[in-house]
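Asker: Following this line is structure_11.tsv, made up of TSV, C-alpha atoms:
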chain	number	residue	atom	x	y	z
A	236	MET	CA	24.40	-2.25	12.96
A	237	MET	CA	21.32	-3.31	11.06
A	238	LYS	CA	21.76	-2.95	7.33
A	239	ARG	CA	19.77	-0.35	5.48
A	240	SER	CA	16.79	-1.79	3.63
A	241	SER	CA	17.02	-1.80	-0.15
A	242	ALA	CA	14.33	-1.59	-2.80
A	243	ALA	CA	14.86	-5.29	-3.53
A	244	TYR	CA	14.06	-6.12	0.12
A	245	TYR	CA	10.76	-4.24	0.01
A	246	CYS	CA	9.99	-5.83	-3.36
A	247	SER	CA	10.50	-9.29	-1.84
A	248	ILE	CA	8.18	-8.38	1.03
A	249	GLY	CA	5.58	-7.25	-1.51
A	250	LEU	CA	5.81	-10.57	-3.35
A	251	ILE	CA	5.30	-12.54	-0.14
A	252	VAL	CA	2.33	-10.37	0.82
A	253	LEU	CA	0.86	-10.96	-2.65
A	254	ILE	CA	1.32	-14.73	-2.29
A	255	LEU	CA	-0.35	-14.67	1.13
A	256	LEU	CA	-3.27	-12.60	-0.18
A	257	VAL	CA	-3.80	-15.02	-3.07
A	258	MET	CA	-3.56	-17.95	-0.68
A	259	ILE	CA	-6.18	-16.46	1.64
A	260	PHE	CA	-8.55	-14.81	-0.83
A	261	GLY	CA	-7.90	-16.88	-3.96
A	262	THR	CA	-11.23	-18.69	-3.62
A	263	TRP	CA	-13.06	-15.37	-3.97
A	264	LEU	CA	-10.72	-13.93	-6.61
A	265	LYS	CA	-11.17	-16.66	-9.21
A	266	PRO	CA	-12.94	-15.35	-12.35
A	267	HIS	CA	-14.90	-18.58	-13.01
A	268	GLY	CA	-16.52	-21.21	-10.87
A	269	ILE	CA	-15.06	-24.70	-10.41
A	270	SER	CA	-18.08	-26.49	-8.97
A	271	PRO	CA	-19.78	-29.42	-10.73
A	272	ASN	CA	-22.42	-27.01	-12.05
A	273	ASP	CA	-19.69	-25.04	-13.85
A	274	LYS	CA	-18.51	-27.94	-16.00
A	275	ILE	CA	-18.66	-27.41	-19.76
A	276	ASN	CA	-19.56	-30.41	-21.88
A	277	MET	CA	-19.40	-28.62	-25.20
A	278	ILE	CA	-19.75	-25.18	-26.76
A	279	GLN	CA	-21.89	-24.50	-29.81
A	280	TYR	CA	-20.66	-21.93	-32.34
A	281	GLN	CA	-21.22	-20.87	-35.94
A	282	GLU	CA	-18.57	-21.22	-38.62
A	283	ASP	CA	-19.10	-20.67	-42.35
A	284	GLY	CA	-22.83	-20.69	-41.78
A	285	LYS	CA	-22.72	-24.09	-40.09
A	286	THR	CA	-23.31	-25.04	-36.49
A	287	ARG	CA	-20.28	-26.68	-34.95
A	288	TYR	CA	-19.43	-27.99	-31.52
A	289	SER	CA	-16.21	-27.98	-29.55
A	290	ILE	CA	-15.37	-29.82	-26.36
A	291	PRO	CA	-12.84	-28.95	-23.67
A	292	PRO	CA	-10.04	-28.52	-22.94
A	293	TYR	CA	-9.87	-25.11	-24.60
A	294	ALA	CA	-6.68	-23.24	-25.40
A	295	PRO	CA	-6.11	-19.80	-23.83
A	296	ASN	CA	-8.53	-17.20	-25.16
A	297	SER	CA	-10.23	-13.97	-24.11
A	298	THR	CA	-12.65	-15.86	-21.85
A	299	PHE	CA	-10.21	-18.32	-20.31
A	300	LEU	CA	-6.87	-16.52	-20.12
A	301	LEU	CA	-4.87	-19.67	-19.31
A	302	GLY	CA	-7.18	-22.14	-21.03
A	303	THR	CA	-9.26	-24.88	-19.43
A	304	ASP	CA	-8.94	-28.49	-18.35
A	305	HIS	CA	-10.94	-31.46	-19.65
A	306	ARG	CA	-13.97	-30.43	-17.58
A	307	GLY	CA	-13.99	-26.92	-18.98
A	308	PHE	CA	-12.75	-25.45	-15.71
A	309	ASP	CA	-10.68	-22.30	-16.02
A	310	ILE	CA	-7.00	-23.01	-15.24
A	311	LEU	CA	-6.50	-19.57	-13.68
A	312	SER	CA	-9.42	-20.16	-11.33
A	313	LEU	CA	-8.03	-23.54	-10.36
A	314	LEU	CA	-4.62	-22.01	-9.64
A	315	LEU	CA	-6.11	-19.26	-7.48
A	316	ASN	CA	-8.19	-21.74	-5.53
A	317	GLY	CA	-5.50	-24.39	-5.12
A	318	LEU	CA	-2.52	-22.35	-3.91
A	319	LYS	CA	-3.54	-22.63	-0.26
A	320	TYR	CA	-3.60	-26.42	-0.42
A	321	THR	CA	-0.13	-26.62	-1.95
A	322	LEU	CA	1.46	-24.22	0.51
A	323	GLY	CA	-0.42	-25.81	3.39
A	324	MET	CA	0.84	-29.29	2.51
A	325	ALA	CA	4.44	-28.09	2.21
A	326	LEU	CA	4.14	-26.19	5.50
A	327	VAL	CA	2.81	-29.21	7.40
A	328	LEU	CA	5.60	-31.45	6.10
A	329	THR	CA	8.23	-28.82	6.94
A	330	LEU	CA	6.86	-28.45	10.47
A	331	LEU	CA	6.92	-32.22	10.95
A	332	ARG	CA	10.59	-32.27	9.97
A	333	PHE	CA	11.33	-29.48	12.43
A	334	VAL	CA	9.44	-31.15	15.27
A	335	PHE	CA	11.96	-34.02	15.17
A	336	ALA	CA	15.09	-32.36	13.81
A	337	LEU	CA	15.28	-29.15	15.84
A	338	PRO	CA	15.30	-30.71	19.35
A	339	TRP	CA	17.64	-33.48	18.18
A	340	GLY	CA	20.05	-31.02	16.57
A	341	LEU	CA	20.10	-28.71	19.58
A	342	TRP	CA	20.62	-31.61	22.00
A	343	SER	CA	23.34	-33.24	19.93
A	344	GLY	CA	25.12	-29.96	19.35
A	345	ILE	CA	25.24	-28.91	23.00
A	346	THR	CA	25.94	-32.33	24.55
A	347	GLY	CA	27.91	-33.99	21.74
A	348	LYS	CA	25.85	-37.16	22.12
A	349	GLY	CA	24.60	-38.89	19.02
A	350	TRP	CA	26.81	-36.79	16.77
A	351	GLY	CA	28.41	-39.81	15.10
A	352	ILE	CA	25.10	-41.43	14.19
A	353	LEU	CA	23.71	-38.10	13.00
A	354	SER	CA	26.75	-37.42	10.80
A	355	SER	CA	26.65	-40.93	9.30
A	356	MET	CA	22.93	-40.78	8.49
A	357	GLN	CA	23.30	-37.29	7.07
A	358	TRP	CA	26.11	-38.48	4.79
A	359	VAL	CA	24.07	-41.45	3.56
A	360	ILE	CA	20.93	-39.44	2.83
A	361	ALA	CA	22.75	-36.44	1.35
A	362	SER	CA	24.84	-38.63	-0.96
A	363	VAL	CA	21.98	-38.88	-3.49
A	364	PRO	CA	18.93	-36.70	-4.20
A	365	ALA	CA	15.94	-37.30	-1.91
A	366	PHE	CA	13.81	-38.07	-4.98
A	367	VAL	CA	15.89	-41.21	-5.65
A	368	PHE	CA	15.02	-42.55	-2.19
A	369	LEU	CA	11.35	-41.64	-2.33
A	370	PHE	CA	10.22	-42.44	-5.86
A	371	PRO	CA	10.63	-46.28	-5.95
A	372	PRO	CA	8.57	-47.08	-2.81
A	373	LEU	CA	5.97	-44.37	-3.40
A	374	ALA	CA	5.53	-45.19	-7.09
A	375	GLY	CA	5.29	-48.90	-6.28
A	376	MET	CA	2.52	-48.26	-3.77
A	377	TYR	CA	0.72	-45.60	-5.82
A	378	PHE	CA	0.42	-47.58	-9.03
A	379	GLY	CA	0.46	-51.04	-7.43
A	380	LEU	CA	-2.59	-50.17	-5.33
A	381	ARG	CA	-4.24	-48.40	-8.29
A	382	LEU	CA	-4.36	-45.09	-6.47
A	383	ASP	CA	-4.12	-43.29	-9.80
A	384	GLN	CA	-7.90	-43.89	-9.76
A	385	TRP	CA	-8.10	-42.18	-6.37
A	386	MET	CA	-11.88	-41.85	-6.04
A	387	LYS	CA	-12.38	-45.54	-6.84
A	388	ALA	CA	-9.49	-46.84	-4.74
A	389	ASP	CA	-9.93	-48.67	-1.45
A	390	PRO	CA	-10.07	-46.09	1.40
A	391	HIS	CA	-7.68	-48.23	3.43
A	392	TYR	CA	-5.16	-48.09	0.59
A	393	GLN	CA	-5.62	-44.33	0.39
A	394	LEU	CA	-4.92	-43.97	4.11
A	395	LEU	CA	-1.93	-46.31	3.93
A	396	PHE	CA	-0.37	-44.42	1.04
A	397	SER	CA	-1.02	-41.00	2.62
A	398	ALA	CA	0.61	-42.10	5.88
A	399	THR	CA	3.57	-43.63	4.05
A	400	PHE	CA	3.98	-40.50	1.92
A	401	VAL	CA	4.05	-38.19	4.96
A	402	ILE	CA	6.38	-40.47	6.93
A	403	LEU	CA	8.91	-40.91	4.11
A	404	VAL	CA	8.98	-37.24	3.09
A	405	THR	CA	9.42	-36.27	6.74
A	406	PHE	CA	12.02	-38.97	7.50
A	407	ILE	CA	14.22	-38.19	4.49
A	408	GLY	CA	14.69	-34.61	5.68
A	409	VAL	CA	15.12	-35.09	9.42
A	410	PHE	CA	18.79	-36.15	9.43
A	411	PRO	CA	20.22	-33.42	7.15
A	412	LEU	CA	18.17	-30.82	9.00
A	413	ALA	CA	19.19	-32.05	12.46
A	414	HIS	CA	22.83	-32.19	11.34
A	415	GLN	CA	22.67	-28.60	10.11
A	416	VAL	CA	21.15	-27.41	13.39
A	417	ALA	CA	23.70	-29.41	15.41
A	418	GLU	CA	26.61	-27.87	13.53
A	419	ARG	CA	25.43	-24.34	14.27
A	420	THR	CA	24.71	-25.30	17.88
A	421	ARG	CA	28.25	-26.64	18.27
A	422	PHE	CA	29.59	-23.36	16.89
A	423	TYR	CA	27.71	-21.24	19.44
A	424	ASN	CA	28.33	-23.75	22.23
A	425	GLU	CA	32.03	-22.93	22.07
A	426	LYS	CA	31.41	-19.24	22.80
A	427	LEU	CA	32.61	-17.91	26.15
A	428	PHE	CA	29.18	-16.78	27.36
A	429	ILE	CA	27.82	-20.32	26.86
A	430	GLU	CA	30.78	-21.78	28.74
A	431	ALA	CA	30.27	-19.22	31.51
A	432	SER	CA	26.64	-20.25	31.83
A	433	ARG	CA	27.68	-23.89	32.10
A	434	LEU	CA	30.28	-23.16	34.79
A	435	MET	CA	27.70	-21.20	36.76
A	436	GLY	CA	25.48	-24.29	36.88
A	437	GLY	CA	23.21	-23.66	33.92
A	438	SER	CA	21.50	-26.84	32.76
A	439	VAL	CA	21.34	-27.99	29.15
A	440	PHE	CA	17.76	-26.79	28.95
A	441	HIS	CA	18.65	-23.39	30.43
A	442	ARG	CA	21.56	-22.86	28.06
A	443	THR	CA	19.46	-23.91	25.09
A	444	VAL	CA	16.43	-21.74	25.84
A	445	ARG	CA	18.14	-18.68	27.31
A	446	HIS	CA	21.28	-18.50	25.15
A	447	LEU	CA	21.43	-20.77	22.11
A	448	ILE	CA	17.96	-20.24	20.64
A	449	PRO	CA	18.13	-16.40	20.95
A	450	CYS	CA	21.54	-16.48	19.22
A	451	MET	CA	20.30	-18.80	16.50
A	452	ARG	CA	16.92	-17.16	15.96
A	453	ASN	CA	17.84	-15.72	12.59
A	454	GLU	CA	19.51	-18.89	11.41
A	455	ILE	CA	16.57	-21.06	12.48
A	456	LEU	CA	14.24	-18.84	10.47
A	457	PHE	CA	16.52	-19.04	7.43
A	458	ILE	CA	16.80	-22.82	7.78
A	459	PHE	CA	13.01	-23.12	8.07
A	460	LEU	CA	12.38	-21.12	4.90
A	461	SER	CA	15.08	-23.03	3.04
A	462	GLU	CA	13.62	-26.35	4.21
A	463	PHE	CA	10.13	-25.22	3.17
A	464	MET	CA	11.38	-24.57	-0.35
A	465	GLN	CA	13.19	-27.92	-0.46
A	466	VAL	CA	9.97	-29.70	0.52
A	467	LEU	CA	8.02	-27.74	-2.08
A	468	PHE	CA	10.57	-28.60	-4.78
A	469	LEU	CA	10.59	-32.28	-3.78
A	470	LEU	CA	6.79	-32.43	-3.96
A	471	GLY	CA	6.98	-30.83	-7.40
A	472	GLN	CA	9.45	-33.50	-8.57
A	473	LEU	CA	7.16	-36.28	-7.37
A	474	ALA	CA	4.17	-34.61	-9.03
A	475	VAL	CA	5.89	-34.66	-12.43
A	476	PHE	CA	5.88	-38.45	-12.10
A	477	ASN	CA	2.22	-38.45	-11.00
A	478	ILE	CA	2.90	-39.14	-7.30
A	479	VAL	CA	0.47	-36.88	-5.43
A	480	LEU	CA	-1.81	-37.04	-2.42
A	481	GLY	CA	-5.59	-37.41	-3.05
A	482	GLY	CA	-7.98	-34.62	-3.89
A	483	THR	CA	-8.59	-35.94	-7.39
A	484	GLU	CA	-11.45	-37.30	-9.44
A	485	ALA	CA	-11.59	-39.48	-12.53
A	486	ILE	CA	-13.60	-38.50	-15.59
A	487	GLY	CA	-14.30	-40.83	-18.45
A	488	ASP	CA	-14.49	-44.60	-18.36
A	489	ALA	CA	-11.39	-46.68	-17.62
A	490	ASP	CA	-13.03	-49.80	-19.10
A	491	ALA	CA	-13.48	-47.97	-22.39
A	492	GLY	CA	-9.85	-46.83	-22.33
A	493	TYR	CA	-10.65	-43.18	-21.61
A	494	SER	CA	-10.01	-42.09	-18.04
A	495	ILE	CA	-8.52	-38.82	-16.85
A	496	THR	CA	-7.47	-38.20	-13.25
A	497	ILE	CA	-7.70	-34.55	-12.34
A	498	THR	CA	-7.70	-32.41	-9.22
A	499	THR	CA	-10.99	-31.34	-7.69
A	500	SER	CA	-9.61	-28.31	-5.84
A	501	GLY	CA	-6.94	-26.93	-8.16
A	502	GLU	CA	-4.10	-28.04	-5.88
A	503	TRP	CA	-0.96	-27.16	-7.86
A	504	LEU	CA	0.91	-30.46	-7.48
A	505	SER	CA	-2.07	-32.42	-8.76
A	506	LEU	CA	-2.33	-29.94	-11.65
A	507	ILE	CA	1.35	-30.56	-12.47
A	508	ALA	CA	0.72	-34.32	-12.49
A	509	TYR	CA	-2.32	-33.83	-14.71
A	510	GLY	CA	-0.68	-31.37	-17.08
A	511	SER	CA	2.48	-33.42	-17.53
A	512	ARG	CA	0.43	-36.27	-19.00
A	513	TYR	CA	-0.93	-33.99	-21.74
A	514	ILE	CA	2.16	-31.91	-22.45
A	515	ARG	CA	1.99	-32.73	-26.18
A	516	LEU	CA	-1.77	-32.51	-26.73
A	517	HIS	CA	-2.59	-29.58	-24.44
A	518	PRO	CA	0.73	-27.87	-23.59
A	519	TRP	CA	-0.89	-24.74	-22.13
A	520	ILE	CA	-1.92	-26.69	-19.02
A	521	ILE	CA	1.56	-27.67	-17.86
A	522	LEU	CA	3.00	-24.36	-19.09
A	523	SER	CA	0.52	-22.37	-17.00
A	524	VAL	CA	0.94	-24.48	-13.90
A	525	GLY	CA	4.69	-24.95	-14.30
A	526	THR	CA	5.28	-21.23	-14.79
A	527	SER	CA	3.15	-20.40	-11.75
A	528	PHE	CA	5.04	-22.96	-9.64
A	529	ALA	CA	8.40	-21.63	-10.84
A	530	LEU	CA	7.41	-18.03	-10.06
A	531	LEU	CA	6.25	-19.08	-6.59
A	532	PHE	CA	9.53	-20.86	-5.92
A	533	LEU	CA	11.65	-17.99	-7.25
A	534	SER	CA	9.66	-15.47	-5.18
A	535	LEU	CA	10.34	-17.48	-2.02
A	536	GLN	CA	14.03	-17.78	-2.90
A	537	PHE	CA	14.23	-14.04	-3.61
A	538	PHE	CA	12.59	-13.30	-0.26
A	539	LEU	CA	15.01	-15.60	1.61
A	540	THR	CA	18.03	-14.03	-0.11
A	541	GLN	CA	16.91	-10.51	0.75
A	542	LEU	CA	16.08	-11.54	4.32
A	543	LYS	CA	19.60	-12.92	4.76
A	544	ARG	CA	21.13	-9.73	3.38
A	545	ARG	CA	18.98	-7.62	5.67
A	546	PHE	CA	19.31	-9.58	8.92
A	547	GLY	CA	22.06	-12.12	8.29
A	548	SER	CA	24.61	-10.37	10.48
A	549	GLU	CA	22.20	-9.68	13.32
A	550	ARG	CA	21.63	-12.06	16.22
A	551	GLN	CA	17.93	-11.29	16.31
A	552	LEU	CA	15.30	-10.00	13.92
A	553	MET	CA	13.92	-7.77	16.63
Before we go any further, please render this structure as structure tokens.
Answerer:
Amino acid sequence: MMKRSSAAYYCSIGLIVLILLVMIFGTWLKPHGISPNDKINMIQYQEDGKTRYSIPPYAPNSTFLLGTDHRGFDILSLLLNGLKYTLGMALVLTLLRFVFALPWGLWSGITGKGWGILSSMQWVIASVPAFVFLFPPLAGMYFGLRLDQWMKADPHYQLLFSATFVILVTFIGVFPLAHQVAERTRFYNEKLFIEASRLMGGSVFHRTVRHLIPCMRNEILFIFLSEFMQVLFLLGQLAVFNIVLGGTEAIGDADAGYSITITTSGEWLSLIAYGSRYIRLHPWIILSVGTSFALLFLSLQFFLTQLKRRFGSERQLM
């Protein structure tokens, strides 16, 4: 019997709806503009009868609730505008992992072929955090090719790094994901109704599509959401060490020793990379972005937990 919905379940649904609304309408909800015409070079004000000038970034105040960046752009506006890019990037990488891992896991689990290789690769990759595998090659390329100055970097280098980034992040997650799917497939493959289908002449494809996938529908959804959060967390780890994909501009003059790389769209991972470099001088930047990222991650985890409690014992959501 389907479990009775709790207040926590509806609360988790509300949080996800809120995240989706911000992702879709964030561009129109932002309180301040983030176009080149909205940049603030300095603000003139009076103090003790004297005219003084202040330059950004500005600490949180009544006008800019979360402060501004070095261009004078409102951090809250950047966060509202950039959420869709962060979630979109994580979603694409998660889907790429599933494109390779799901068919492989289902095939290995139902036929038993390739199980040894899959188990060995899963053990190797799962033995250390994914960040340890990814950071050395990505950092070497990113800083070796001077992609920290993204707008001035060679477009071929940009394309090479972007392709390498996507391939490595996808590759590092395929084996653990395929192994997890294969294990659950092997569990259901031992059920009597699957064996009956095989004895009646059902092909591997028939058994997979008509029996295994319907039985595993809930679990596949849970695995997808869990994998999405793992990708998001991994991207956040890389961002702390300034490894991000494009969408940035440089302000200042590198030859004069003053150059700041900053996101043009408000994408959250780029904001984390930017804020982490100024954690001592302008701590409100990383605190605002880091808190927002943590709340996003916790909301997704809360939703997954409630979804498992609500539908975990059911074979299907519907």
Asker: Within 12 Å of Gln472 (chain A), counting all atoms listed in the file, which residues qualify if same-chain residues fewer than 2 places away don't, as a PDB file with C-alpha atoms, in the frame of the given file?
Answerer:
ATOM      1  CA  PRO A 364      18.930 -36.700  -4.200  1.00  0.00           C
ATOM      2  CA  ALA A 365      15.940 -37.300  -1.910  1.00  0.00           C
ATOM      3  CA  PHE A 366      13.810 -38.070  -4.980  1.00  0.00           C
ATOM      4  CA  VAL A 367      15.890 -41.210  -5.650  1.00  0.00           C
ATOM      5  CA  LEU A 369      11.350 -41.640  -2.330  1.00  0.00           C
ATOM      6  CA  PHE A 370      10.220 -42.440  -5.860  1.00  0.00           C
ATOM      7  CA  GLN A 465      13.190 -27.920  -0.460  1.00  0.00           C
ATOM      8  CA  VAL A 466       9.970 -29.700   0.520  1.00  0.00           C
ATOM      9  CA  LEU A 467       8.020 -27.740  -2.080  1.00  0.00           C
ATOM     10  CA  PHE A 468      10.570 -28.600  -4.780  1.00  0.00           C
ATOM     11  CA  LEU A 469      10.590 -32.280  -3.780  1.00  0.00           C
ATOM     12  CA  LEU A 470       6.790 -32.430  -3.960  1.00  0.00           C
ATOM     13  CA  ALA A 474       4.170 -34.610  -9.030  1.00  0.00           C
ATOM     14  CA  VAL A 475       5.890 -34.660 -12.430  1.00  0.00           C
ATOM     15  CA  PHE A 476       5.880 -38.450 -12.100  1.00  0.00           C
ATOM     16  CA  ASN A 477       2.220 -38.450 -11.000  1.00  0.00           C
ATOM     17  CA  ILE A 478       2.900 -39.140  -7.300  1.00  0.00           C
ATOM     18  CA  VAL A 479       0.470 -36.880  -5.430  1.00  0.00           C
ATOM     19  CA  LEU A 504       0.910 -30.460  -7.480  1.00  0.00           C
ATOM     20  CA  SER A 505      -2.070 -32.420  -8.760  1.00  0.00           C
ATOM     21  CA  ILE A 507       1.350 -30.560 -12.470  1.00  0.00           C
ATOM     22  CA  ALA A 508       0.720 -34.320 -12.490  1.00  0.00           C
ATOM     23  CA  SER A 511       2.480 -33.420 -17.530  1.00  0.00           C
ATOM     24  CA  GLY A 525       4.690 -24.950 -14.300  1.00  0.00           C
ATOM     25  CA  PHE A 528       5.040 -22.960  -9.640  1.00  0.00           C
TER      26      PHE A 528
END
Asker: Against region 267-273 of chain A, which residues of region 282-379 of chain A fall within 9 Å? For each one I want the closest pair of atoms and the distance in Å (one decimal), counting all atoms listed in the file, rows by chain and increasing residue number, as JSON lines.
Answerer:
{"residue": "A:Phe299", "atom": "CA", "partner": "A:His267", "partner_atom": "CA", "distance": 8.7}
{"residue": "A:Arg306", "atom": "CA", "partner": "A:Asp273", "partner_atom": "CA", "distance": 8.7}
{"residue": "A:Gly307", "atom": "CA", "partner": "A:Asp273", "partner_atom": "CA", "distance": 7.9}
{"residue": "A:Phe308", "atom": "CA", "partner": "A:Ile269", "partner_atom": "CA", "distance": 5.8}
{"residue": "A:Asp309", "atom": "CA", "partner": "A:His267", "partner_atom": "CA", "distance": 6.4}
{"residue": "A:Leu311", "atom": "CA", "partner": "A:His267", "partner_atom": "CA", "distance": 8.5}
{"residue": "A:Ser312", "atom": "CA", "partner": "A:His267", "partner_atom": "CA", "distance": 5.9}
{"residue": "A:Leu313", "atom": "CA", "partner": "A:Ile269", "partner_atom": "CA", "distance": 7.1}
{"residue": "A:Asn316", "atom": "CA", "partner": "A:Ile269", "partner_atom": "CA", "distance": 8.9}
Asker: Need to verify the contact set: region 392-397 of chain A, 12 Å, all atoms listed in the file, exclusion of same-chain residues closer than 5 positions in sequence. Can you return it as an NGL selection string?
Answerer: :A and (324 or 372-387 or 402-404 or 478-483)
Asker: Work out how far CA of Val257 (chain A) is from CA of Leu318 (chain A), in Å to one decimal.
Answerer: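 CA of Val257 (chain A) lies at a distance of 7.5 Å from CA of Leu318 (chain A).
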Asker: How many Å lie between CA of Gly408 (chain A) and CA of Lys319 (chain A), rounded to one decimal?
Answerer: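 Atom-to-atom, CA of Gly408 (chain A) to CA of Lys319 (chain A), that is 22.6 Å.
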Asker: Using all atoms listed in the file, which of the listed residues (A:Leu330, A:Leu539, A:Met464, A:Leu447) sits closest to Thr405 (chain A)?
Answerer: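 Comparing A:Leu330, A:Leu539, A:Met464, A:Leu447 against Thr405 (chain A), the winner is A:Leu330.
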Asker: Excluding Ala242 (chain A) and residues on its chain fewer than 6 positions from it, collect all residues at most 12 Å away from it, counting all atoms listed in the file, and give them as an NGL selection string.
Answerer: :A and (248-249 or 541 or 545)
Asker: Rounded to one decimal in Å, what is the spacing between CA of Gly349 (chain A) and CA of Ser438 (chain A)?
Answerer: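 Computing it gives 18.5 Å between the two atoms.
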Asker: Can you tell me which residues surround Gly347 (chain A) at a distance of at most 12 Å, considering all atoms listed in the file, apart from same-chain residues fewer than 6 positions away, and format the answer as a list in words?
Answerer: Trp339, Gly340, Leu341, Leu353, Ser354, His414, Ala417, Glu418, Thr420, Arg421, Phe422, Asn424, Glu425 and Val439 of chain A
Asker: Restricting the calculation to only C-alpha atoms, which member of A:Val409, A:Ala398, A:Met277, A:Thr526 is positioned closest to Val334 (chain A)?
Answerer: A:Val409
Asker: From the list A:Leu412, A:Leu315, A:Ile259, A:Val363, which residue is nearest Thr329 (chain A) when using all atoms listed in the file?
Answerer: A:Leu412
Asker: Would you kindly return, as a PyMOL selection string, each protein, DNA or RNA residue with an atom no farther than 7 Å from any atom of Ser523 (chain A), considering all atoms listed in the file and excluding same-chain residues fewer than 4 positions away?
Answerer: chain A and resi 301+519+527
